[in-house]
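A.B. asks: One structure is given below, represented as C-alpha cells, and several questions about it will come after.
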Amino acid sequence: MEPLEMLFRHEVRFFEQVRQSFRTREALTTHTSFALHYGYEELIRASVGTTGREVERLAVRLTFIGDTRDVLAARDSVKSILGISPLDV
C-alpha cells in the first residue's frame with residue numbers, strides 16, 4: 001500500500017473514533033499520539049510532493065471504506081498535514 005493511502009486510511013480511522021466519542025475535544029487532543037503511534041512522520045516524508053488532485057482522487061477511491069463524514073474529514077486533514085491548500089483540487 002502506498003504511503004499516502006496508508007496515511008489517508010489512518011486519518012479515516014482517527015476521525016471515525018472522534019465521531020463515535022462523546023468527548024470530541026478530548027479525542028482531538030489525542031491526534032498527535034495517534035499520529036506517533038501509526039508512524040505518520042515516515043508516511044508524511046514519503047508523501048512529499050503529493051498534489052491536491054492526488055488526495056482528491058484517493059478520497060473518491062476510498063469513499064466506501066468508512067462513513068462519508070470521516071472520509072471527507074480525512075481528506076481535509078491529509079491536505080493540511082501535507083501543506084496542501086484545501087482549495088487545491
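Scheme for the C-alpha cells: letters A, B, ... for chains in order shown; per-chain residue numbers from 1; ligand numbers from 1 in order shown.
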Please list as a ChimeraX atom specification every residue within 8 Å of region 59-72 of chain A, counting only C-alpha atoms and excluding residues in the same chain fewer than 2 positions away.
C.D. replies: /A:12-13,15-16,19,55-57,74-76
A.B. asks: Find the spatial neighbours of Ile81 (chain A), counting only C-alpha atoms, within a cut-off of 10 Å - ignore same-chain residues fewer than 3 positions away - and output them as a PyMOL selection string.
C.D. replies: chain A and resi 7+40+44+75-78+84
A.B. asks: Include C-alpha atoms and write out the residues we just selected as an mmCIF file, in the first residue's frame.
C.D. replies:
```cif
data_model
loop_
_atom_site.group_PDB
_atom_site.id
_atom_site.type_symbol
_atom_site.label_atom_id
_atom_site.label_comp_id
_atom_site.auth_asym_id
_atom_site.auth_seq_id
_atom_site.Cartn_x
_atom_site.Cartn_y
_atom_site.Cartn_z
ATOM 1 C CA LEU A 7 -1.872 7.973 5.864
ATOM 2 C CA TYR A 40 2.888 9.432 10.390
ATOM 3 C CA ILE A 44 4.484 12.224 5.543
ATOM 4 C CA ARG A 75 -9.214 14.247 3.061
ATOM 5 C CA ASP A 76 -9.080 17.714 4.563
ATOM 6 C CA SER A 77 -6.738 16.599 7.313
ATOM 7 C CA VAL A 78 -4.309 14.890 4.929
ATOM 8 C CA ILE A 84 -1.744 21.404 0.516
#
```
A.B. asks: Name the residues in contact with Thr50 (chain A) at a cut-off of 10 Å, using only C-alpha atoms, excluding same-chain residues fewer than 2 positions from it; report them as a list in words.
C.D. replies: Leu4, Ile44, Ala46, Ser47, Val48, Gly52, Arg53, Glu54, Val55, Lys79, Leu82, Gly83 and Ile84 of chain A
A.B. asks: Now that the selection is made, can you save its residues with N, CA and C atoms as a PDB file, in the first residue's frame?
C.D. replies:
```pdb
ATOM      1  N   LEU A   4       0.777   7.392   0.990  1.00  0.00           N
ATOM      2  CA  LEU A   4      -0.341   8.336   1.005  1.00  0.00           C
ATOM      3  C   LEU A   4      -1.643   7.622   1.373  1.00  0.00           C
ATOM      4  N   ILE A  44       4.477  10.848   6.045  1.00  0.00           N
ATOM      5  CA  ILE A  44       4.484  12.224   5.543  1.00  0.00           C
ATOM      6  C   ILE A  44       5.703  12.458   4.668  1.00  0.00           C
ATOM      7  N   ALA A  46       7.361  10.294   2.998  1.00  0.00           N
ATOM      8  CA  ALA A  46       7.204   9.533   1.755  1.00  0.00           C
ATOM      9  C   ALA A  46       6.152  10.146   0.836  1.00  0.00           C
ATOM     10  N   SER A  47       5.304  11.031   1.373  1.00  0.00           N
ATOM     11  CA  SER A  47       4.226  11.627   0.584  1.00  0.00           C
ATOM     12  C   SER A  47       4.521  13.054   0.141  1.00  0.00           C
ATOM     13  N   VAL A  48       5.735  13.526   0.388  1.00  0.00           N
ATOM     14  CA  VAL A  48       6.106  14.884  -0.032  1.00  0.00           C
ATOM     15  C   VAL A  48       5.948  14.993  -1.547  1.00  0.00           C
ATOM     16  N   GLY A  52      -2.968  18.189  -4.514  1.00  0.00           N
ATOM     17  CA  GLY A  52      -4.358  18.173  -4.081  1.00  0.00           C
ATOM     18  C   GLY A  52      -5.193  17.233  -4.922  1.00  0.00           C
ATOM     19  N   ARG A  53      -4.904  17.196  -6.192  1.00  0.00           N
ATOM     20  CA  ARG A  53      -5.641  16.308  -7.108  1.00  0.00           C
ATOM     21  C   ARG A  53      -5.460  14.844  -6.724  1.00  0.00           C
ATOM     22  N   GLU A  54      -4.234  14.463  -6.325  1.00  0.00           N
ATOM     23  CA  GLU A  54      -3.976  13.079  -5.908  1.00  0.00           C
ATOM     24  C   GLU A  54      -4.763  12.731  -4.644  1.00  0.00           C
ATOM     25  N   VAL A  55      -4.817  13.668  -3.711  1.00  0.00           N
ATOM     26  CA  VAL A  55      -5.576  13.435  -2.474  1.00  0.00           C
ATOM     27  C   VAL A  55      -7.064  13.317  -2.804  1.00  0.00           C
ATOM     28  N   LYS A  79      -4.647  16.837   3.532  1.00  0.00           N
ATOM     29  CA  LYS A  79      -4.188  18.032   2.808  1.00  0.00           C
ATOM     30  C   LYS A  79      -3.485  18.986   3.765  1.00  0.00           C
ATOM     31  N   LEU A  82      -0.049  17.685   4.850  1.00  0.00           N
ATOM     32  CA  LEU A  82       0.946  17.756   3.769  1.00  0.00           C
ATOM     33  C   LEU A  82       1.164  19.182   3.252  1.00  0.00           C
ATOM     34  N   GLY A  83       0.479  20.146   3.852  1.00  0.00           N
ATOM     35  CA  GLY A  83       0.664  21.533   3.441  1.00  0.00           C
ATOM     36  C   GLY A  83       0.025  21.890   2.116  1.00  0.00           C
ATOM     37  N   ILE A  84      -1.027  21.169   1.768  1.00  0.00           N
ATOM     38  CA  ILE A  84      -1.744  21.404   0.516  1.00  0.00           C
ATOM     39  C   ILE A  84      -2.954  22.295   0.825  1.00  0.00           C
TER      40      ILE A  84
END
```
A.B. asks: Taking the chain letters and numbering used in this document, name the residues of chain A that DSSP puts in helix (DSSP H, G or I), as a PyMOL selection string.
C.D. replies: chain A and resi 3-20+24-29+31-37+40-46+52-61+63-65+68-81
A.B. asks: Could you jot down the CA of Met6 (chain A) to CA of Gly39 (chain A) separation for me, Å, one decimal place?
C.D. replies: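 Calculated distance between CA of Met6 (chain A) and CA of Gly39 (chain A) is 9.9 Å.
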A.B. asks: Compile the contact shell of Glu5 (chain A) as an NGL selection string: residues with an atom at most 9 Å away, counting only C-alpha atoms, same-chain residues fewer than 3 positions apart removed.
C.D. replies: :A and (1-2 or 8-10 or 55 or 58 or 62)
A.B. asks: Export, as an mmCIF file, in the first residue's frame, the selected residues with C-alpha atoms.
C.D. replies:
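Generated file (result.cif):
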```cif
data_model
loop_
_atom_site.group_PDB
_atom_site.id
_atom_site.type_symbol
_atom_site.label_atom_id
_atom_site.label_comp_id
_atom_site.auth_asym_id
_atom_site.auth_seq_id
_atom_site.Cartn_x
_atom_site.Cartn_y
_atom_site.Cartn_z
ATOM 1 C CA MET A 1 0.000 0.000 0.000
ATOM 2 C CA GLU A 2 1.287 3.455 -0.885
ATOM 3 C CA PHE A 8 -5.371 8.537 4.482
ATOM 4 C CA ARG A 9 -6.718 5.287 5.938
ATOM 5 C CA HIS A 10 -5.246 6.110 9.353
ATOM 6 C CA VAL A 55 -5.576 13.435 -2.474
ATOM 7 C CA LEU A 58 -7.752 8.915 -3.328
ATOM 8 C CA LEU A 62 -11.766 5.232 -0.748
#
```
